[in-house]
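Trainee: I have a structure I would like to understand better, so I am pasting it below and will then ask my questions one at a time.
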Amino acid sequence: MRFTKPSRREFLKGTGILIVSFSLPSLSKTVSASGTPADTGTKTVALDDVDAFLAIDPSGSVTLFSGKVDLGTGIGTALTQIVAEELDVPLSRVHVIEGDTALTPAQGKTWGSLSIQNGGVQIRQAAATARRALLQEAAKRFGVPVEDLIVEQGTMRSRNGGKQITYGELIGGKTFSLKVDKQAPLKDPATYKIVGRPVPRFDIPEKMTGQFTYMQDFKVPDMLHGRVVRPTAIGATLLSVDESSVKDIPGLVKVVRQGNFLGVVAESEWGAIRAAQKLKANWSDWEGLPEQSKLWEHVRATKVNKDDVTSNIGSAEQALEQAAKRLSATYDFAIHTHGSIGPSCAVAEIKDGKLTCWSSSQGTHDLRQQLAAMLSMPDTDVRAIYLEGSGCYGRNGHEDAAADAVLLARAVERPVRVQWMRPDEHGWDPKGPPTLMDLQAGLDANSNVVAWYSQVYVPESATGSVNVKLVAAELAGLPHETGMVPGNVIQNTAIPYTFPNVRTVAHRLAETPLRPSWIRAPGRMQNTFGNESFMDELAAAAGADPLEFRLRYLNDPRGVELLKRLASFAQWQGRKSPKRETGDVATGRGLTYIKYELARTYVGAVADVEVNRKSGEIRVKHFAVVQDCGQIINPDGVKNQVEGNVTQTVSRVLKEEVTFDRSRVTSLNWASYPILTFPEMPEVDIELIDRPTEKPWGVGEPSAAVVPSAISNAVFDAVGVRLRSVPFTPAKVRAAIQSSL
Amino acid sequence: MPTAIPLHVNGRATRVTVDDPDMPLLYALRDNLGLHGPRFGCGLGQCGSCTVHLDGRPVRSCVTPLSAVGKKKIVTLEGLGTVDKLHPVQKAFIEEQAAQCGYCISGMIMEAAAFLASNKNPSDAQIKQALAHNLCRCGTHLRIVRAVKRAAAGV
């Protein structure tokens, strides 16, 4: 199936043209006919207004204004399905505008696997409110009860034929002027024709043919090219700049220096790249990072600002003391980068005191506030517009590139595009912080678990802030956030099992070596690695089958069903681990389970691995994944996310670790920070449990969180050693095997 | 000194005026000719997202100086096929929905198209080896391999 849509470029470059075509007086004031943006705030973006989300033009075309943006997950198509379904219009008639502070509601950042669960549900309710209002209006005009009317393809008519009217005829050119009604009735899922179907993504044909405009492709008239020149050490001070070193670069416009912020602007992109390479700058020495080889000692020694007790049942410490058998283990998860294939990019333009910034930010409304704060200007003079870029897996460098572009554009008084180079991205994107976990448990004489006590060491999060500080603002000495925002990394420290005594504590650290941010499944991935691997250690200590052992302590029916379906899907054969195979290459299976945040999406996985005892190499051959995310909007989109989560996280677990010296990140490209390649990829089989009448939960992250423990448990099954430190490099595997002999 | 360099791109003779003949081909294609297919990923020849064909062979345009192109015929993703007239590899990628963000996919399609031109019936292992130096971060590997297989069956 294929359906045509106006391209994103048309929408975004020509917002003016599109909006004016609505013939809405209020909207046509928002943007000029030339499409030059000026944020006058006249289109409502209020979360409780139907008009914030939806507009219908006289031809019956529906525009969805979504605060949640498509980061390459296919959410644009899924949200379109929700609107088309709820309004009963053809998919091809729904268009989406995403993440524009002048046009789209502030639905929160596109994070936390919440685009469908929160964003889509808000949009669905707005559509239901609109549908009811349209039907009521049509019923009034026809003089019939509203129950007599049906909608087909955006046309309302009486069940028995007779009069009919289209949405476009009724509302086209007008606003709804309605509050979103939480009581507006939703369609019965049993009648769905569009939601729940594997609708092909509307962006894919353009992406496969070079017609798509990514952020990295976006241009505005009169635009210059900028590059940043970052300090040679993270905390270095800029002592001097020798501008004569770049005087021969053709088309150089300006060397921009503000405090420790340094950049170049040129007429051509290549000119900017060469200028950034050739510019001679003198930086002070700075050696504020810890020794990488002593990272975990450093983490353990870092000041704890507070403890978050995420669960406390019975008395874990006392029960541990009295236990017949005690186990303890320490797990750690390295610092990781997001690793987007296309480095961050942004364009900024300041005209008549108003700033417009195009970027791939996950949260344009938040970015708008950050940029306004940086320049000490009112929010209302800033418009931040989302353009899809290379995939992002959390808060990477997009917002920072935006701030870079803003400072350079301000300095040269012309629009500037900033494209980070590869070392900028690897070196300066905010990182998934190092995570250290101490786990203890006690078994009674019958091998029942009587106590579980975990302590996790993770950076604290600045109270009330959702924004990671902007590199440019900090370097330039302009206003910026000071605290750390690593994401909600204490999620899934608490466990889904019914042990009688449980205490789970997160020690929130006053600092962490590199600027932290949320990275896909933040905390949930690292904490689940520790918890589900340690759970496997307990099963082994109890001499139990890992699946049966989990079921003993699970009283959640959906969780139990999930694990039973996983057992069947993966053809799990109950036995205790390890297998104790002989030979150089051993095979093993590992099982793992999560209820995401103990509140939503359930995932179970079985990994099959091969471990080469001599070389220490792990081959992840296969993952079987069963997932229950409630109602499924687009099953192929969900599978794409699960496949991606598994593959990306296998990469993280086997290969990835940010390296640094005392001054800077040293893993600055794909040679020094290798990721999974095609010959190393696992096969993945997926079973989705669809529950059309349940809430739709998120899928962008949960299946990432099960991967590290599944591999660790499979390795134990194969060779009888526990891998407790990500990444599982061959050297660590060899050392673990050696020390077990 | 600005220099005019003749190029043959996607079936047409053209020329680009540049300050530096050693500028990588990628920037001429993207900035001078406005093409979106070849993408900047690393500038180091490590990730493959900038891959184009020179006389049918896949090259990394981010590390190919303009001066080295000569009269070779350049084909980018745009030149391979269009939405209305898809190349079999593009068609297979769409049918398999083989993209998440899709940023790397231009390079994947260009690499795969060149590979399939000389390997009509590849094994999975051969496909994976052919794409071993193209990086994808979203984890679309399974779909990409399926798409290349599908394309091979249809070519």
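For the structure tokens, the naming scheme is as follows: chains receive sequential letters (A, B, ...) according to their order of presentation, residues are indexed from 1 within each chain, and ligands are indexed from 1 in presentation order.
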Hey, what's within 8 Å of segment 74-87 of chain B if we count only C-alpha atoms and toss same-chain stuff fewer than 2 positions away? As a list of chain:residue names, please?

Mentor: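 In the requested form, the answer reads A:Pro205, A:Glu206, A:Met208, A:Thr209, A:Gly210, A:Gln211, B:Leu7, B:His8, B:Val9, B:Asn10, B:Gly11, B:Leu35, B:His36, B:Gly37, B:Pro38, B:Thr51, B:Val52, B:His53, B:Leu54, B:Asp55, B:Gly56, B:Lys72, B:Val89, B:Gln90, B:Lys91, B:Ser106, B:Ile109, B:Met110.
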
Trainee: Could you work out which residues of chain A fall inside 6 Å of chain B? Count only C-alpha atoms, and format the result as an MDAnalysis selection string.

Mentor: chainID A and resid 72:73 208:210 341:342 390:391 422 644 647:648 677:679

Trainee: Nearest to Gln81 of chain A: which of A:Leu478, A:Cys392, A:Leu238, A:Ile633 is it, counting only C-alpha atoms?

Mentor: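 The answer is A:Ile633, which sits nearest to Gln81 of chain A.
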
Trainee: Assign secondary structure with DSSP using the backbone only, and return the residues of segment 512-607 of chain A in alpha helix (DSSP H) as a short mmCIF file (atom, residue, chain, number, x, y, z; two decimals) with C-alpha atoms, in the first residue's frame.

Mentor:
data_model
loop_
_atom_site.label_atom_id
_atom_site.label_comp_id
_atom_site.auth_asym_id
_atom_site.auth_seq_id
_atom_site.Cartn_x
_atom_site.Cartn_y
_atom_site.Cartn_z
CA ARG A 524 16.19 0.73 33.18
CA MET A 525 18.77 -0.92 30.90
CA GLN A 526 21.59 -0.78 33.44
CA ASN A 527 19.48 -1.66 36.48
CA THR A 528 17.79 -4.54 34.71
CA PHE A 529 21.22 -5.84 33.72
CA GLY A 530 22.12 -6.09 37.39
CA ASN A 531 18.77 -7.28 38.67
CA GLU A 532 18.01 -9.94 36.10
CA SER A 533 21.56 -11.26 36.02
CA PHE A 534 21.60 -11.49 39.81
CA MET A 535 18.20 -13.15 39.70
CA ASP A 536 19.83 -15.76 37.50
CA GLU A 537 22.61 -16.14 40.06
CA LEU A 538 19.96 -16.86 42.69
CA ALA A 539 18.26 -19.42 40.45
CA ALA A 540 21.58 -21.15 39.89
CA ALA A 541 22.32 -21.09 43.63
CA PRO A 546 15.62 -19.75 35.64
CA LEU A 547 12.10 -19.52 34.21
CA GLU A 548 10.41 -21.61 36.89
CA PHE A 549 12.37 -19.70 39.54
CA ARG A 550 11.00 -16.37 38.31
CA LEU A 551 7.45 -17.69 38.14
CA ARG A 552 7.70 -18.71 41.81
CA PRO A 557 -1.07 -12.33 35.76
CA ARG A 558 0.12 -10.46 32.69
CA GLY A 559 3.72 -11.09 33.67
CA VAL A 560 3.04 -14.77 34.26
CA GLU A 561 1.27 -15.09 30.93
CA LEU A 562 4.14 -13.33 29.21
CA LEU A 563 6.75 -15.69 30.64
CA LYS A 564 4.68 -18.75 29.79
CA ARG A 565 4.27 -17.54 26.24
CA LEU A 566 8.00 -16.85 26.09
CA ALA A 567 8.71 -20.40 27.24
CA SER A 568 6.56 -21.73 24.44
CA PHE A 569 7.76 -19.26 21.80
#

Trainee: If DSSP is run on the backbone, what residues of segment 64-208 of chain A are strand (DSSP E or B)? A reply as a PyMOL selection string would be ideal.

Mentor: chain A and resi 64-66+94-98+100+149-152+155-158+164-166+179
